[in-house]
Amino acid sequence: MKKSDISKWNSSLARYRTKCEKISKVSKSVRYVGIINLHGRTLAGKINSGTKPLFSPSQVREEFFAIATAIKLRKKLLSSIGQANYMIFNHKKVIILLYYNNNVIYYVTFGPKSIPSKSIIEKIRKISTEE
């Protein structure tokens with residue numbers, strides 16, 4: 001990598017970290033915010049203090065890889081059904097909000113009784129589209 005490429009990469013990672021911080025403050029019910037690429041690699045992440053992780057490190061890798069693969073497969077269908085705005089997975093122990101923008105996936109988790117409202121989702125969308 002050239003020095004200018006490294007600078008751009010470091011700048012992108014800093015922006016992603018800032019976005020994770022901002023998103024984590026959108027609601028007290030946010031547990032974790034992660035930004036992953038289309039290969040399932042974590043670009044930035046923020047777990048809120050006092051939050052106990054539900055996944056082991058290997059489970060996180062598998063989860064992010066599965067999510068990234070599903071997003072890539074769905075991209076092929078978008079011409080028929082239109083762009084997905086967001087996806088919500090409602091599990092017994094956690095609610096997961098996925099938002100895809102500019103080749104990265106925003107992975108935001110909430111407590112099990114905290115389904116994100118439209119206003120929270122809109123705030124997350126707005127932060128994710130900031131430059």
# chains A, B, ... in the order shown; residues from 1 in each chain; ligands from 1
$ residues_around --residues "A:Pro57" --least-positions-apart "6" --cutoff "12 Å" --atoms "only C-alpha atoms" --output "list in words"
Thr42, Glu63 and Phe64 of chain A
$ residues_around --residues "A:Tyr106" --least-positions-apart "5" --cutoff "10 Å" --atoms "only C-alpha atoms" --output "ChimeraX atom specification"
/A:16,19-20,23,33-37,44-45,86,97-101,124-125,128
$ select_by_dssp --residues "chain A" --states "strand (DSSP E)" --output "NGL selection string"
:A and (30-37 or 42-47 or 87-90 or 95-101 or 104-110)
$ atom_distance --atom1 "atom CA of A:Val104" --atom2 "atom CA of A:Lys8"
16.0 Å
$ closest_residue --among "A:Thr129, A:Ser11, A:Asn85, A:Ser29" --to "A:Val108" --atoms "only C-alpha atoms"
A:Ser29
$ closest_residue --among "A:Arg31, A:Lys46, A:Lys25, A:Lys75" --to "A:Asn103" --atoms "only C-alpha atoms"
A:Lys75
$ residues_around --residues "A:Ile95" --least-positions-apart "4" --cutoff "9 Å" --atoms "only C-alpha atoms" --output "PDB file with N, CA and C atoms, in the first residue's frame"
ATOM      1  N   ILE A  88     -34.469  -6.059  10.715  1.00  0.00           N
ATOM      2  CA  ILE A  88     -34.489  -6.267  12.159  1.00  0.00           C
ATOM      3  C   ILE A  88     -34.664  -7.754  12.426  1.00  0.00           C
ATOM      4  N   PHE A  89     -33.789  -8.279  13.285  1.00  0.00           N
ATOM      5  CA  PHE A  89     -33.901  -9.664  13.744  1.00  0.00           C
ATOM      6  C   PHE A  89     -34.262  -9.611  15.223  1.00  0.00           C
ATOM      7  N   ASN A  90     -35.385 -10.201  15.560  1.00  0.00           N
ATOM      8  CA  ASN A  90     -35.871 -10.169  16.932  1.00  0.00           C
ATOM      9  C   ASN A  90     -35.616 -11.531  17.574  1.00  0.00           C
ATOM     10  N   HIS A  91     -34.555 -11.615  18.390  1.00  0.00           N
ATOM     11  CA  HIS A  91     -34.192 -12.846  19.080  1.00  0.00           C
ATOM     12  C   HIS A  91     -34.650 -12.780  20.532  1.00  0.00           C
ATOM     13  N   VAL A 108     -26.298  -3.112  14.734  1.00  0.00           N
ATOM     14  CA  VAL A 108     -26.622  -2.452  15.995  1.00  0.00           C
ATOM     15  C   VAL A 108     -27.511  -3.386  16.802  1.00  0.00           C
ATOM     16  N   THR A 109     -27.122  -3.643  18.051  1.00  0.00           N
ATOM     17  CA  THR A 109     -27.945  -4.510  18.889  1.00  0.00           C
ATOM     18  C   THR A 109     -28.603  -3.703  20.001  1.00  0.00           C
ATOM     19  N   PHE A 110     -29.788  -4.174  20.377  1.00  0.00           N
ATOM     20  CA  PHE A 110     -30.596  -3.558  21.427  1.00  0.00           C
ATOM     21  C   PHE A 110     -30.997  -4.641  22.415  1.00  0.00           C
ATOM     22  N   GLY A 111     -31.421  -4.219  23.596  1.00  0.00           N
ATOM     23  CA  GLY A 111     -31.930  -5.163  24.572  1.00  0.00           C
ATOM     24  C   GLY A 111     -33.155  -5.885  24.034  1.00  0.00           C
ATOM     25  N   PRO A 112     -33.512  -7.039  24.621  1.00  0.00           N
ATOM     26  CA  PRO A 112     -34.592  -7.873  24.075  1.00  0.00           C
ATOM     27  C   PRO A 112     -35.981  -7.235  24.102  1.00  0.00           C
ATOM     28  N   LYS A 113     -36.183  -6.237  24.929  1.00  0.00           N
ATOM     29  CA  LYS A 113     -37.487  -5.582  25.020  1.00  0.00           C
ATOM     30  C   LYS A 113     -37.459  -4.183  24.417  1.00  0.00           C
ATOM     31  N   SER A 114     -36.447  -3.903  23.607  1.00  0.00           N
ATOM     32  CA  SER A 114     -36.231  -2.548  23.087  1.00  0.00           C
ATOM     33  C   SER A 114     -36.252  -2.516  21.572  1.00  0.00           C
ATOM     34  N   ILE A 115     -37.386  -2.839  20.982  1.00  0.00           N
ATOM     35  CA  ILE A 115     -37.486  -2.763  19.515  1.00  0.00           C
ATOM     36  C   ILE A 115     -37.280  -1.310  19.106  1.00  0.00           C
ATOM     37  N   PRO A 116     -36.315  -1.047  18.216  1.00  0.00           N
ATOM     38  CA  PRO A 116     -36.021   0.346  17.852  1.00  0.00           C
ATOM     39  C   PRO A 116     -37.193   1.000  17.117  1.00  0.00           C
TER      40      PRO A 116
END
$ select_by_dssp --residues "stretch 7-125 of chain A" --states "alpha helix (DSSP H)" --output "ChimeraX atom specification"
/A:7-24,57-75,78-81,118-125
